[in-house]
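Trainee: What follows is a single structure, and I will ask about it in a moment.
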Amino acid sequence: MWDMIKRFLKERLLLRYRGDGTFYIYVRFPIRINSAIKYRLLYANRPIQPDKIVFDNYMGKGYGGNPKYIAEKILEQYPGRYDLVWLVSEEELEKSDFPEGVRPVIYQSSKAYQEYATAKMWISNYHKIAYIKKGMRKREGQYFVQTWHGSLGIKRIEKDVPFLRENVNWYEMAKLSSSMVDLWISNSRWETEIYKRAFWDVKNVFEAGHPRNDVLYAEASLRATKKVRAYFHLGDERILFYAPTFRADYRLDCYRIDYAAVRAALEDRFGGKWVILVRLHPRVRQYAPMSIPKETFVKDATSYVDIQELVAAADAMLTDYSSCIFDFLLTRRPGFLFAPDEEEYTQERGFYYPLEDTPFPVSHTCGELVRQIGAFDEKRYRQDAEEFLEDKGCIEDGHASERVVQKIVEVMENRESKER
């Protein structure tokens with residue numbers, strides 16, 4: 001008890017000698033300021049800059065995603081017209097190669113809050129939860145474009161996921177973040193319906209296609225492929241891109257495959273020499289050293305900033321439940337699903353439709369995966385891919401960035417149509 005009293009007095013009392021023989025005792029009391037009030041006091045009274053756009057790729061994860069391809073199209077079509085600010089973590093800043101005209105600012109720094117408070121437009125592919133916690137709110141005169149990061153995805157998202165709904169704090173902030181969105185970017189009739197179902201009160205959806213998928217078409221695809229092959233020092237080897245998603249309990253056993261057997265099956269079925277690029281989800285990236293084998297034909301691509309360039313460069317793709325394989329489907333190249341924990345994952349997260357309803361061969365063991373590769377029917381796969389994309393109302397054509405940037409410029413120049 002006496003120790004508690006001493007600790008309290010030490011924390012609360014400050015003794016100062018004045019120099020004239022007298023002492024003063026100051027009593028300290030902590031003052032807590034509501035984060036929303038603090039944000040308003042420090043940032044929200046600053047004038048909004050009509051030419052400023054702030055970008056955020058998945059909570060500061062580097063120069064990639066839909067925001068990257070929107071920024072690059074703006075730079076191409078309107079060089080020097082807008083102040084483009086990119087929020088990036090200190091770790092990712094070292095890896096990212098920002099073009100001239102894109103100004104990086106450290107994610108969640110005081111400068112980042114100032115940029116958000118004074119930007120006319122926010123462009124992001126994830127919730128603003130980290131900033132909402134600190135009191136940030138969208139101001140009158142600001143516009144929020146949400147591109148999200150899925151694509152015709154199979155796994156349930158946001159309020160459709162039981163374990164996310166149980167997290168009351170997350171749920172309320174995600175709901176608040178969604179309520180601030182002025183425009184959602186979709187690539188299909190299917191995705192639009194998922195947005196309306198999973199993101200609470202969604203009103204304005206622009207079916208323009210995903211800007212990041214423009215890199216899968218024509219010259220952009222060739223440039224990305226050349227860049228990836230140079231980065232990993234590849235010659236004429238063909239590429240299997242393996243991109244598993246994360247599990248809520250961070251288990252790692254689901255990532256273990258017989259890489260040598262998979263490689264041999266690819267070479268037997270498709271010919272040539274193959275390498276396997278493995279990119280773990282950002283949430284489990286710290287486990288890459290213990291999950292990815294040290295084989296000459298296996299390359300750790302977890303730290304490669306722009307996953308879409310890896311998708312563009314791949315000759316075949318493998319995942320479990322990641323939506324990026326639905327981007328890859330646009331290339332019509334071979335794709336495979338390896339789902340060793342399908343039953344468990346169904347209980348944990350759930351799906352919008354069965355894995356078997358996709359064009360991809362589904363396997364649950366490595367032996368089954370090897371057999372699926374060996375028996376791959378390219379003609380049937382292409383036919384199934386066309387039917388799947390048509391059924392989902394997919395509109396991807398390599399020109400999504402142009403459509404989205406046109407909409408952005410209308411807003412920035414106060415020429416937004418009344419009908420969206």
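We label chains A, B, ... in the order they appear in the structure tokens, count residues from 1 in each chain, and number ligands from 1 in the order shown.
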Kindly assemble as CSV a list of the stretch 205-238 of chain A residues that lie within 10 Å of stretch 70-79 of chain A, each paired with its nearest atom pair and their distance in Å to one decimal, using only C-alpha atoms, sorted first by chain and then by ascending residue number.
Mentor:
```
residue,atom,partner,partner_atom,distance
A:His210,CA,A:Ile70,CA,9.5
A:Pro211,CA,A:Ile70,CA,6.3
A:Arg212,CA,A:Ile70,CA,8.0
```
Trainee: Quick one: residues within 9 Å of stretch 183-194 of chain A, only C-alpha atoms counted, chain neighbours fewer than 6 positions away excluded, as a VMD selection string?
Mentor: chain A and resid 143 to 148 150 to 153 156 to 157 202 to 210 389 391 to 396 400 404 420
Trainee: What's around A:Thr365 at 12 Å? Count only C-alpha atoms, leave out sequence neighbours fewer than 4 positions away in its own chain, and write the answer as number ranges by chain.
Mentor: A: 254-258, 262, 320, 337-342, 369-372
Trainee: Could you turn the residues from that selection into a file that holds N, CA and C atoms, as a PDB file, in the first residue's frame?
Mentor:
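Okay, again.pdb is ready:
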```pdb
ATOM      1  N   CYS A 254      -0.415 -24.868 -44.008  1.00  0.00           N
ATOM      2  CA  CYS A 254      -1.191 -24.880 -45.250  1.00  0.00           C
ATOM      3  C   CYS A 254      -0.373 -24.397 -46.447  1.00  0.00           C
ATOM      4  N   TYR A 255       0.817 -23.842 -46.209  1.00  0.00           N
ATOM      5  CA  TYR A 255       1.646 -23.344 -47.300  1.00  0.00           C
ATOM      6  C   TYR A 255       2.644 -24.384 -47.810  1.00  0.00           C
ATOM      7  N   ARG A 256       2.706 -25.524 -47.161  1.00  0.00           N
ATOM      8  CA  ARG A 256       3.733 -26.499 -47.506  1.00  0.00           C
ATOM      9  C   ARG A 256       3.313 -27.347 -48.702  1.00  0.00           C
ATOM     10  N   ILE A 257       4.078 -27.222 -49.779  1.00  0.00           N
ATOM     11  CA  ILE A 257       3.852 -28.057 -50.949  1.00  0.00           C
ATOM     12  C   ILE A 257       5.184 -28.684 -51.361  1.00  0.00           C
ATOM     13  N   ASP A 258       5.125 -29.703 -52.177  1.00  0.00           N
ATOM     14  CA  ASP A 258       6.339 -30.332 -52.704  1.00  0.00           C
ATOM     15  C   ASP A 258       6.740 -29.551 -53.953  1.00  0.00           C
ATOM     16  N   VAL A 262       5.947 -30.261 -58.012  1.00  0.00           N
ATOM     17  CA  VAL A 262       5.134 -29.320 -58.785  1.00  0.00           C
ATOM     18  C   VAL A 262       5.912 -28.821 -59.993  1.00  0.00           C
ATOM     19  N   ASP A 320      -4.557 -20.491 -53.020  1.00  0.00           N
ATOM     20  CA  ASP A 320      -5.582 -21.234 -52.305  1.00  0.00           C
ATOM     21  C   ASP A 320      -6.916 -20.503 -52.471  1.00  0.00           C
ATOM     22  N   LEU A 337      -5.966 -24.090 -58.033  1.00  0.00           N
ATOM     23  CA  LEU A 337      -6.270 -23.851 -56.622  1.00  0.00           C
ATOM     24  C   LEU A 337      -5.786 -25.032 -55.792  1.00  0.00           C
ATOM     25  N   PHE A 338      -4.970 -24.722 -54.775  1.00  0.00           N
ATOM     26  CA  PHE A 338      -4.487 -25.734 -53.834  1.00  0.00           C
ATOM     27  C   PHE A 338      -5.071 -25.382 -52.474  1.00  0.00           C
ATOM     28  N   ALA A 339      -6.075 -26.155 -52.033  1.00  0.00           N
ATOM     29  CA  ALA A 339      -6.851 -25.811 -50.832  1.00  0.00           C
ATOM     30  C   ALA A 339      -6.797 -26.934 -49.813  1.00  0.00           C
ATOM     31  N   PRO A 340      -5.653 -27.123 -49.131  1.00  0.00           N
ATOM     32  CA  PRO A 340      -5.521 -28.242 -48.198  1.00  0.00           C
ATOM     33  C   PRO A 340      -6.419 -28.121 -46.966  1.00  0.00           C
ATOM     34  N   ASP A 341      -6.849 -26.911 -46.652  1.00  0.00           N
ATOM     35  CA  ASP A 341      -7.685 -26.699 -45.457  1.00  0.00           C
ATOM     36  C   ASP A 341      -9.024 -26.088 -45.828  1.00  0.00           C
ATOM     37  N   GLU A 342      -9.579 -26.524 -46.933  1.00  0.00           N
ATOM     38  CA  GLU A 342     -10.830 -25.927 -47.426  1.00  0.00           C
ATOM     39  C   GLU A 342     -11.944 -25.991 -46.394  1.00  0.00           C
ATOM     40  N   LEU A 369      -2.571 -32.082 -56.641  1.00  0.00           N
ATOM     41  CA  LEU A 369      -2.156 -30.907 -57.404  1.00  0.00           C
ATOM     42  C   LEU A 369      -1.268 -31.322 -58.583  1.00  0.00           C
ATOM     43  N   VAL A 370      -0.319 -32.189 -58.318  1.00  0.00           N
ATOM     44  CA  VAL A 370       0.577 -32.669 -59.373  1.00  0.00           C
ATOM     45  C   VAL A 370      -0.219 -33.355 -60.485  1.00  0.00           C
ATOM     46  N   ARG A 371      -1.213 -34.140 -60.106  1.00  0.00           N
ATOM     47  CA  ARG A 371      -2.043 -34.816 -61.107  1.00  0.00           C
ATOM     48  C   ARG A 371      -2.895 -33.819 -61.894  1.00  0.00           C
ATOM     49  N   GLN A 372      -3.392 -32.795 -61.203  1.00  0.00           N
ATOM     50  CA  GLN A 372      -4.198 -31.774 -61.881  1.00  0.00           C
ATOM     51  C   GLN A 372      -3.369 -31.030 -62.922  1.00  0.00           C
TER      52      GLN A 372
END
```
Trainee: Hey, which of A:Leu277, A:Lys196, A:Lys111, A:Tyr217 ends up closest to A:Tyr231? Count only C-alpha atoms.
Mentor: A:Leu277
Trainee: Would you list the contacts of A:Arg251 as a list of chain:residue names, taking every protein, DNA or RNA residue within 12 Å and counting only C-alpha atoms, but skipping same-chain residues closer than 3 positions in sequence?
Mentor: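 My reading of the contact set: A:Thr245, A:Phe246, A:Arg247, A:Ala248, A:Cys254, A:Tyr255, A:Arg256, A:Arg283, A:Val284, A:Tyr287, A:Ser291, A:Asp341, A:Glu344, A:Tyr345.
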Trainee: May I have the residues within 7 Å of A:Ser89 as a PyMOL selection string, using only C-alpha atoms and disregarding those fewer than 2 positions away in the same chain?
Mentor: chain A and resi 60-61+91-93+106-107
Trainee: Take the residues that were just selected and, keeping N, CA and C atoms, output them as a PDB file, in the first residue's frame.
Mentor:
```
ATOM      1  N   GLY A  60      -0.212   1.691 -46.222  1.00  0.00           N
ATOM      2  CA  GLY A  60       1.193   2.070 -46.365  1.00  0.00           C
ATOM      3  C   GLY A  60       2.096   1.004 -46.937  1.00  0.00           C
ATOM      4  N   LYS A  61       1.515   0.018 -47.666  1.00  0.00           N
ATOM      5  CA  LYS A  61       2.312  -1.123 -48.119  1.00  0.00           C
ATOM      6  C   LYS A  61       3.103  -0.884 -49.401  1.00  0.00           C
ATOM      7  N   GLU A  91       9.470   1.243 -43.866  1.00  0.00           N
ATOM      8  CA  GLU A  91      10.043   0.024 -44.432  1.00  0.00           C
ATOM      9  C   GLU A  91       9.812  -0.045 -45.937  1.00  0.00           C
ATOM     10  N   GLU A  92       8.587   0.256 -46.366  1.00  0.00           N
ATOM     11  CA  GLU A  92       8.260   0.164 -47.783  1.00  0.00           C
ATOM     12  C   GLU A  92       8.851   1.317 -48.587  1.00  0.00           C
ATOM     13  N   LEU A  93       9.120   2.434 -47.937  1.00  0.00           N
ATOM     14  CA  LEU A  93       9.709   3.575 -48.635  1.00  0.00           C
ATOM     15  C   LEU A  93      11.046   3.195 -49.250  1.00  0.00           C
ATOM     16  N   ILE A 106       5.477   9.628 -44.905  1.00  0.00           N
ATOM     17  CA  ILE A 106       5.436   8.453 -44.026  1.00  0.00           C
ATOM     18  C   ILE A 106       4.029   8.222 -43.472  1.00  0.00           C
ATOM     19  N   TYR A 107       3.571   6.996 -43.613  1.00  0.00           N
ATOM     20  CA  TYR A 107       2.244   6.572 -43.180  1.00  0.00           C
ATOM     21  C   TYR A 107       2.041   6.835 -41.685  1.00  0.00           C
TER      22      TYR A 107
END
```
Trainee: Neighbours of A:Ala313 within 7 Å (only C-alpha atoms; same-chain residues fewer than 4 positions away dropped), as a list of chain:residue names?
Mentor: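 Close residues of A:Ala313: A:Ala224, A:Thr225, A:Val228, A:Glu309.
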Trainee: Residues within 12 Å of A:Pro359, please, as a list in words. Count only C-alpha atoms; anything in the same chain fewer than 6 positions from it doesn't count.
Mentor: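 Residues near the query, excluding close chain neighbours: Ile325, Phe326, Phe328, Leu329, Leu330, Arg332, Arg333, Pro334, Gly335, Phe336, Leu337, Phe376, Asp377, Glu378, Lys379, Arg380, Tyr381, Arg382, Gln383, Asp384, Ala385, Glu386, Glu387, Phe388, Leu389 and Asp391 of chain A.
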Trainee: With C-alpha atoms retained, write the just-selected residues as a short mmCIF file (atom, residue, chain, number, x, y, z; two decimals), in the first residue's frame.
Mentor:
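The resulting file, result.cif, is shown below:
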```cif
data_model
loop_
_atom_site.label_atom_id
_atom_site.label_comp_id
_atom_site.auth_asym_id
_atom_site.auth_seq_id
_atom_site.Cartn_x
_atom_site.Cartn_y
_atom_site.Cartn_z
CA ILE A 325 -5.98 -15.38 -59.33
CA PHE A 326 -9.19 -13.86 -60.71
CA PHE A 328 -4.76 -13.62 -63.53
CA LEU A 329 -7.76 -15.29 -65.16
CA LEU A 330 -7.96 -12.29 -67.51
CA ARG A 332 -6.42 -16.97 -69.83
CA ARG A 333 -3.18 -18.64 -68.73
CA PRO A 334 -3.33 -21.81 -66.57
CA GLY A 335 -4.42 -21.30 -62.97
CA PHE A 336 -4.74 -23.83 -60.13
CA LEU A 337 -6.27 -23.85 -56.62
CA PHE A 376 -4.67 -29.81 -67.44
CA ASP A 377 -7.12 -29.34 -70.34
CA GLU A 378 -6.31 -25.95 -71.86
CA LYS A 379 -9.26 -25.88 -74.29
CA ARG A 380 -11.80 -26.61 -71.58
CA TYR A 381 -10.13 -24.15 -69.21
CA ARG A 382 -10.36 -21.30 -71.71
CA GLN A 383 -14.01 -22.07 -72.39
CA ASP A 384 -14.79 -22.19 -68.65
CA ALA A 385 -12.91 -18.90 -68.16
CA GLU A 386 -14.99 -17.13 -70.80
CA GLU A 387 -18.23 -18.42 -69.31
CA PHE A 388 -17.18 -17.48 -65.77
CA LEU A 389 -16.24 -13.91 -66.69
CA ASP A 391 -21.54 -14.83 -65.84
#
```
Trainee: Out of A:His233, A:Arg139, A:Lys159, A:Tyr43, which residue has the shortest atom-to-atom distance to A:Arg197 when counting only C-alpha atoms?
Mentor: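 Ranked by minimum distance to A:Arg197, first place goes to A:Lys159.
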Trainee: So that I can check the secondary structure, give me every residue of stretch 62-197 of chain A assigned strand (DSSP E) by backbone DSSP, as a list in words.
Mentor: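 The strand (DSSP E) subset of stretch 62-197 of chain A is Asp83, Leu84, Val85, Trp86, Leu87, Val88, Val102, Arg103, Pro104, Val105, Ile106, Ala119, Lys120, Met121, Trp122, Ile123, Ser124, Tyr143, Phe144, Val145, Gln146, Leu183, Trp184, Ile185 and Ser186 of chain A.
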Trainee: As a PyMOL selection string, please: every residue in stretch 262-396 of chain A that DSSP puts in helix (DSSP H, G or I).
Mentor: chain A and resi 262-270+282-291+307-313+324-331+342-348+355-357+366-374+378-392
Trainee: Please indicate the distance in Å from atom CA of A:Trp274 to atom CA of A:Asp300, rounded to one decimal place.
Mentor: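 If I compute the distance from atom CA of A:Trp274 to atom CA of A:Asp300, I get 14.6 Å.
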